[in-house]
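Next comes protein-v8.cif, a file with mmCIF, C-alpha atoms and all ligand atoms.
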data_work
loop_
_atom_site.label_atom_id
_atom_site.label_comp_id
_atom_site.auth_asym_id
_atom_site.auth_seq_id
_atom_site.Cartn_x
_atom_site.Cartn_y
_atom_site.Cartn_z
CA MET A 251 -24.76 -13.69 12.21
CA LYS A 252 -21.46 -11.74 12.03
CA THR A 253 -21.96 -8.30 10.56
CA ALA A 254 -18.93 -6.05 11.10
CA LEU A 255 -15.53 -7.14 9.81
CA SER A 256 -13.36 -8.38 12.68
CA PHE A 257 -9.57 -8.65 12.78
CA LYS A 258 -9.47 -9.70 16.44
CA GLY A 259 -6.49 -11.94 17.10
CA LYS A 260 -4.79 -10.95 13.84
CA ASN A 261 -1.35 -9.35 13.58
CA ALA A 262 -0.91 -6.91 10.71
CA LEU A 263 2.17 -5.34 9.14
CA VAL A 264 1.56 -2.15 7.13
CA THR A 265 4.36 -0.40 5.25
CA GLY A 266 4.08 3.37 4.83
CA GLY A 267 1.69 3.19 7.77
CA SER A 268 2.31 6.51 9.52
CA LYS A 269 0.47 8.65 6.98
CA GLY A 270 -1.96 8.62 4.10
CA ILE A 271 -3.51 5.44 2.75
CA GLY A 272 -1.31 3.14 4.85
CA ARG A 273 -2.32 4.90 8.05
CA ALA A 274 -6.03 4.81 7.15
CA ILE A 275 -5.82 1.05 6.54
CA ALA A 276 -3.73 0.47 9.70
CA LEU A 277 -6.25 2.39 11.81
CA GLY A 278 -9.13 0.51 10.19
CA LEU A 279 -7.46 -2.77 11.12
CA ALA A 280 -6.77 -1.63 14.70
CA ARG A 281 -10.35 -0.42 15.14
CA ARG A 282 -11.49 -3.94 14.24
CA GLY A 283 -9.15 -5.66 16.68
CA ALA A 284 -5.88 -6.23 14.81
CA ASN A 285 -2.49 -5.71 16.44
CA VAL A 286 -0.55 -3.54 14.02
CA CYS A 287 3.09 -2.84 13.21
CA ILE A 288 3.64 0.10 10.87
CA ALA A 289 6.80 0.77 8.91
CA TYR A 290 7.59 4.38 8.13
CA SER A 291 10.48 6.31 6.64
CA LYS A 292 10.28 9.94 7.74
CA SER A 293 8.19 11.52 10.47
CA ASP A 294 8.70 10.12 13.96
CA ALA A 295 5.92 12.43 15.13
CA SER A 296 3.42 10.99 12.63
CA ALA A 297 4.41 7.44 13.57
CA LYS A 298 3.98 8.25 17.26
CA GLU A 299 0.57 9.77 16.58
CA ALA A 300 -0.50 6.72 14.55
CA ILE A 301 0.67 4.37 17.33
CA SER A 302 -1.27 6.36 19.90
CA GLU A 303 -4.44 6.33 17.75
CA MET A 304 -4.19 2.56 17.32
CA SER A 305 -3.32 1.87 20.97
CA GLU A 306 -6.52 3.69 21.95
CA CYS A 307 -8.35 0.87 20.14
CA GLY A 308 -7.05 -1.52 22.80
CA VAL A 309 -4.61 -3.33 20.52
CA GLU A 310 -0.83 -3.76 20.39
CA ALA A 311 0.71 -1.15 18.09
CA CYS A 312 4.35 -0.61 17.20
CA SER A 313 6.41 1.14 14.54
CA TYR A 314 9.71 0.60 12.72
CA LYS A 315 11.62 3.31 10.86
CA ILE A 316 13.06 2.12 7.56
CA ASP A 317 13.98 3.63 4.21
CA GLN A 318 12.64 0.91 1.89
CA ASN A 319 15.13 2.07 -0.72
CA HIS A 320 17.57 0.01 1.37
CA VAL A 321 16.12 -3.38 0.51
CA LYS A 322 18.79 -5.13 2.61
CA ASP A 323 17.07 -3.66 5.72
CA ILE A 324 13.78 -5.45 5.00
CA PRO A 325 14.62 -8.52 7.16
CA GLY A 326 15.10 -6.13 10.10
CA LEU A 327 11.55 -4.85 9.63
CA PHE A 328 10.12 -8.35 9.43
CA ASN A 329 12.05 -9.57 12.50
CA TYR A 330 10.96 -6.52 14.50
CA ALA A 331 7.28 -7.07 13.63
CA ARG A 332 7.48 -10.76 14.53
CA LYS A 333 9.34 -10.04 17.77
CA ASN A 334 6.76 -7.47 18.84
CA LEU A 335 3.53 -8.99 17.51
CA GLY A 336 4.24 -12.65 16.72
CA ASP A 337 3.18 -14.35 13.49
CA ILE A 338 1.87 -12.00 10.78
CA HIS A 339 -1.62 -12.74 9.43
CA VAL A 340 -2.13 -9.58 7.33
CA LEU A 341 0.42 -7.76 5.16
CA VAL A 342 -0.23 -4.41 3.47
CA ASN A 343 2.52 -3.48 1.00
CA ASN A 344 1.74 0.22 0.73
CA ALA A 345 4.93 2.30 0.89
CA GLY A 346 5.63 4.14 -2.35
CA ILE A 347 7.22 7.23 -3.83
CA CYS A 348 6.43 9.27 -6.93
CA PRO A 349 8.63 12.37 -7.32
CA PHE A 350 7.04 13.97 -10.40
CA ARG A 351 9.80 14.40 -13.01
CA ASN A 352 10.25 15.16 -16.69
CA PHE A 353 11.18 11.91 -18.48
CA TYR A 354 14.59 13.26 -19.49
CA GLU A 355 15.39 14.38 -15.93
CA ILE A 356 15.13 10.87 -14.50
CA ASP A 357 18.61 9.47 -13.87
CA GLN A 358 19.57 5.90 -12.98
CA GLU A 359 19.71 6.63 -9.24
CA LEU A 360 16.14 7.95 -9.14
CA LEU A 361 14.77 5.24 -11.42
CA GLU A 362 16.33 2.48 -9.31
CA ARG A 363 15.18 4.12 -6.05
CA VAL A 364 11.57 4.23 -7.22
CA TRP A 365 11.76 0.55 -8.23
CA ARG A 366 13.38 -0.46 -4.94
CA VAL A 367 10.82 1.35 -2.74
CA ASN A 368 7.72 0.67 -4.83
CA PHE A 369 8.46 -2.92 -5.91
CA GLU A 370 11.61 -4.68 -4.72
CA SER A 371 11.24 -3.98 -0.99
CA HIS A 372 7.70 -5.36 -1.04
CA PHE A 373 8.78 -8.37 -3.10
CA PHE A 374 11.28 -9.43 -0.45
CA LEU A 375 9.08 -8.51 2.52
CA THR A 376 6.35 -10.69 1.04
CA GLN A 377 8.82 -13.60 0.78
CA LEU A 378 9.54 -13.38 4.52
CA VAL A 379 5.92 -12.87 5.64
CA ALA A 380 4.49 -15.58 3.36
CA LYS A 381 7.15 -18.09 4.51
CA ASN A 382 6.07 -17.45 8.10
CA MET A 383 2.39 -17.82 7.16
CA ILE A 384 3.03 -21.14 5.39
CA GLU A 385 5.22 -22.51 8.20
CA LYS A 386 2.49 -21.70 10.74
CA LYS A 387 -0.36 -22.75 8.40
CA ILE A 388 -1.85 -19.24 8.49
CA SER A 389 -4.39 -18.57 5.72
CA GLY A 390 -3.18 -15.02 5.53
CA ARG A 391 -4.12 -12.02 3.44
CA ILE A 392 -1.65 -9.89 1.44
CA LEU A 393 -2.60 -6.58 -0.16
CA PHE A 394 -0.37 -4.53 -2.45
CA ILE A 395 -1.27 -0.89 -2.98
CA SER A 396 -1.05 -0.49 -6.72
CA SER A 397 -2.75 2.43 -8.48
CA ILE A 398 -5.00 3.64 -11.27
CA SER A 399 -1.59 4.46 -12.70
CA SER A 400 -1.01 0.75 -13.30
CA ARG A 401 -3.52 1.13 -16.13
CA VAL A 402 -2.97 4.68 -17.39
CA GLY A 403 0.01 6.96 -17.83
CA GLY A 404 1.32 10.18 -16.38
CA GLU A 405 3.61 12.56 -18.27
CA PHE A 406 5.78 13.05 -15.18
CA GLN A 407 5.44 9.50 -13.84
CA THR A 408 7.47 7.41 -16.30
CA HIS A 409 9.52 5.99 -13.44
CA TYR A 410 6.44 5.36 -11.28
CA THR A 411 3.61 3.94 -13.42
CA PRO A 412 5.63 0.87 -14.54
CA THR A 413 6.17 -0.08 -10.87
CA LYS A 414 2.42 -0.14 -10.35
CA SER A 415 1.85 -2.28 -13.44
CA ALA A 416 4.59 -4.58 -12.16
CA ILE A 417 2.81 -4.84 -8.80
CA ASN A 418 -0.30 -6.11 -10.61
CA GLY A 419 1.76 -8.67 -12.51
CA LEU A 420 3.36 -9.82 -9.26
CA VAL A 421 -0.08 -10.19 -7.62
CA HIS A 422 -1.28 -12.41 -10.47
CA SER A 423 1.66 -14.79 -9.97
CA LEU A 424 1.70 -14.72 -6.16
CA ALA A 425 -1.97 -15.67 -6.10
CA ILE A 426 -0.93 -18.88 -7.88
CA VAL A 427 2.07 -19.47 -5.61
CA PHE A 428 0.07 -19.06 -2.40
CA GLY A 429 -3.41 -20.24 -3.42
CA LYS A 430 -2.80 -23.80 -2.26
CA ASN A 431 -1.89 -22.42 1.19
CA GLY A 432 -5.13 -20.45 1.48
CA ILE A 433 -3.24 -17.15 1.33
CA LEU A 434 -5.14 -14.59 -0.75
CA VAL A 435 -3.17 -11.88 -2.57
CA ASN A 436 -4.70 -8.83 -4.25
CA SER A 437 -3.95 -5.25 -5.16
CA LEU A 438 -5.93 -2.11 -4.49
CA GLU A 439 -5.76 0.60 -7.17
CA PRO A 440 -6.43 4.00 -5.61
CA GLY A 441 -7.26 6.84 -7.94
CA THR A 442 -6.06 10.33 -7.12
CA ILE A 443 -6.03 10.37 -3.33
CA LEU A 444 -4.67 13.44 -1.52
CA THR A 445 -1.60 12.36 0.44
CA ASP A 446 2.02 13.50 0.84
CA ILE A 447 2.89 11.70 -2.41
CA ASN A 448 0.96 14.30 -4.44
CA ARG A 449 0.26 17.24 -2.11
CA ASP A 450 2.66 19.51 -3.98
CA ASP A 451 1.39 18.38 -7.38
CA LEU A 452 -2.24 19.00 -6.41
CA ALA A 453 -1.37 22.38 -4.92
CA ASN A 454 -1.40 23.54 -8.53
CA THR A 455 -4.99 24.79 -8.87
CA GLU A 456 -5.23 24.05 -12.59
CA LYS A 457 -3.99 20.47 -12.10
CA ARG A 458 -6.29 19.86 -9.14
CA GLU A 459 -9.32 21.23 -11.03
CA TYR A 460 -8.47 19.06 -14.05
CA MET A 461 -8.11 15.91 -11.93
CA THR A 462 -11.37 16.67 -10.07
CA ARG A 463 -13.24 17.13 -13.36
CA ARG A 464 -11.98 13.69 -14.43
CA ILE A 465 -13.52 12.08 -11.34
CA ALA A 466 -17.19 11.04 -11.74
CA ILE A 467 -18.07 11.85 -8.14
CA LYS A 468 -16.27 15.21 -8.48
CA ARG A 469 -13.93 15.11 -5.53
CA ILE A 470 -10.30 14.11 -4.98
CA GLY A 471 -10.15 10.98 -2.82
CA MET A 472 -9.11 10.90 0.81
CA PRO A 473 -7.08 8.11 2.48
CA GLU A 474 -10.16 7.08 4.47
CA ASP A 475 -11.91 6.27 1.17
CA MET A 476 -9.41 3.42 0.72
CA ALA A 477 -9.96 1.77 4.11
CA TRP A 478 -13.13 -0.24 3.44
CA PRO A 479 -12.06 -1.63 0.03
CA ALA A 480 -8.76 -2.70 1.62
CA LEU A 481 -10.37 -4.14 4.74
CA PHE A 482 -12.72 -6.32 2.69
CA LEU A 483 -9.82 -7.80 0.69
CA LEU A 484 -7.83 -8.32 3.92
CA SER A 485 -10.68 -9.87 5.90
CA ASP A 486 -11.70 -13.47 6.50
CA GLU A 487 -14.97 -12.52 4.80
CA ASN A 488 -12.97 -12.51 1.58
CA THR A 489 -12.89 -16.25 0.85
CA TYR A 490 -12.51 -16.31 -2.94
CA VAL A 491 -11.07 -13.05 -4.33
CA THR A 492 -7.39 -13.44 -5.13
CA GLY A 493 -4.97 -12.46 -7.88
CA THR A 494 -6.92 -9.41 -8.91
CA GLU A 495 -7.07 -5.63 -8.70
CA LEU A 496 -9.77 -3.53 -7.04
CA LEU A 497 -9.96 -0.07 -8.63
CA ALA A 498 -11.08 2.59 -6.14
CA ASP A 499 -10.98 5.87 -8.08
CA GLY A 500 -14.37 7.61 -7.78
CA GLY A 501 -15.05 6.82 -11.43
CA MET A 502 -11.93 8.55 -12.79
CA LEU A 503 -10.63 5.87 -15.16
CA VAL A 504 -13.88 5.44 -17.09
CA ASN A 505 -14.59 9.16 -17.45
CA LEU A 506 -13.48 9.95 -20.98
CA GLN A 507 -16.35 12.34 -21.82
C1 LIG B 601 -1.27 7.93 -8.20
C2 LIG B 601 -2.08 8.69 -9.23
C3 LIG B 601 -2.35 10.07 -8.70
C4 LIG B 601 -1.04 10.75 -8.34
C5 LIG B 601 -0.20 9.86 -7.44
C6 LIG B 601 1.16 10.42 -7.19
O1 LIG B 601 -1.00 6.64 -8.65
O2 LIG B 601 -1.32 8.80 -10.41
O3 LIG B 601 -3.05 10.84 -9.66
O4 LIG B 601 -1.34 11.97 -7.70
O5 LIG B 601 -0.04 8.59 -8.01
#

Kindly return the structure encoded in the file as structure tokens.
Ligand code: RM4
Amino acid sequence: MKTALSFKGKNALVTGGSKGIGRAIALGLARRGANVCIAYSKSDASAKEAISEMSECGVEACSYKIDQNHVKDIPGLFNYARKNLGDIHVLVNNAGICPFRNFYEIDQELLERVWRVNFESHFFLTQLVAKNMIEKKISGRILFISSISSRVGGEFQTHYTPTKSAINGLVHSLAIVFGKNGILVNSLEPGTILTDINRDDLANTEKREYMTRRIAIKRIGMPEDMAWPALFLLSDENTYVTGTELLADGGMLVNLQ
């Protein structure tokens, strides 16, 4: 009887894969046999380190630098992943930005940039990957990284939280589009996980203590806490979960008092 999840023979594409949650998921996939292409936007050093970590698992690993604000560059990412790995079986739409801002300080450029990176780029990447899956009759798995913030607000996240709610709405519809092809589509909703997206925000002791008190298990999450929930949804062991959200927040959302 199979026990551990296996991704042997699978090719995975993970956006925002050089750091944080994306990297933890990418490494989890590589450790279980997947060949992995990561997209990243900033640190060549982090991407190199991630590639080296994954290569040590005995799989093919490659990286592609892209600013997902430039949605027109998305086909380049897809073509690079297919050229280097072949058909894509697993897609993790993870890349996201959340520059904390006062509502009245958000201008059109910032608002549109957050939407392009957090939503539009993944919309169009999913079109390309899913088309390939359907053409090759691959019963693939697609995971969007949404957030607890798809369900609750943030005073300085008025540009960000709507993109996460939109991700959930997209997942509901894509599950219908792809269900007949055996492609399962879900979103993972991390709670407050310490990554570059919020390192500065959580450096504020009062804020960090408040957020920690909100969490039932009394600790801020780490990227590694997101790996297993993601890997289940992305695995062949998931045969029936699609079109839904998996909240992984240490009991933060339900902790009113
Ligand atoms: C998450 C959640 C976290 C925040 C990050 C930036 O969705 O709101 O609390 O730190 O976004």

Using all atoms listed in the file, which residues sit within 9 Å of Asn418 in chain A once same-chain residues fewer than 2 positions away are excluded, as a PyMOL selection string?
chain A and resi 394+396+400+413-416+420-423+436-437+493-495

Sorted by chain and rising residue number, list the residues of range 349-445 of chain A at most 12 Å from range 313-323 of chain A (counting all atoms listed in the file), each with its closest atom pair and distance in Å to one decimal, as a Markdown table.
| residue | atom | partner | partner_atom | distance |
| --- | --- | --- | --- | --- |
| A:Glu359 | CA | A:Asn319 | CA | 10.7 |
| A:Leu360 | CA | A:Asn319 | CA | 10.3 |
| A:Leu361 | CA | A:Asn319 | CA | 11.2 |
| A:Glu362 | CA | A:Asn319 | CA | 8.7 |
| A:Arg363 | CA | A:Asn319 | CA | 5.7 |
| A:Val364 | CA | A:Asn319 | CA | 7.7 |
| A:Trp365 | CA | A:Asn319 | CA | 8.4 |
| A:Arg366 | CA | A:Asn319 | CA | 5.2 |
| A:Val367 | CA | A:Asn319 | CA | 4.8 |
| A:Asn368 | CA | A:Gln318 | CA | 8.3 |
| A:Phe369 | CA | A:Gln318 | CA | 9.6 |
| A:Glu370 | CA | A:Val321 | CA | 7.0 |
| A:Ser371 | CA | A:Val321 | CA | 5.1 |
| A:His372 | CA | A:Gln318 | CA | 8.5 |
| A:Phe373 | CA | A:Val321 | CA | 9.6 |
| A:Phe374 | CA | A:Val321 | CA | 7.8 |
| A:Leu375 | CA | A:Val321 | CA | 8.9 |

Could you please extract the residues within 8 Å of ligand LIG 601 (chain B), counting only C-alpha atoms and all ligand atoms, and hand them back as a ChimeraX atom specification?
/A:347-350,396-400,403-404,407,410-411,414,439-444,447-449,451-452,461

For a quick check of understanding, using only C-alpha atoms, which of A:Gln358, A:Asn344, A:Ser296, A:Asn334 has the smallest distance to Ile271 in chain A?
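Nearest candidate to Ile271 in chain A out of A:Gln358, A:Asn344, A:Ser296, A:Asn334: A:Asn344.
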
Can you tell me, as a PyMOL selection string, which residues sit within 8 Å of (-7.3, -15.8, -7.9) in the file's frame, using all atoms listed in the file?
chain A and resi 422+425-426+429+434-435+490-494

CA of Ala262 in chain A sits from CA of Asn285 in chain A at a separation of 6.1 Å

Could you tell me how far CA of Cys312 in chain A sits from CA of Ala274 in chain A, in Å to one decimal place?
15.4 Å

Work out how far apart CA of Thr265 in chain A and CA of Leu481 in chain A are and give it in Å to one decimal.
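Answer for the CA of Thr265 in chain A to CA of Leu481 in chain A separation: 15.2 Å.
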
Restricting to all atoms listed in the file, whichever of A:Gly501, A:Gly432, A:Gly346, A:Pro325 is closest to Val379 in chain A is A:Pro325
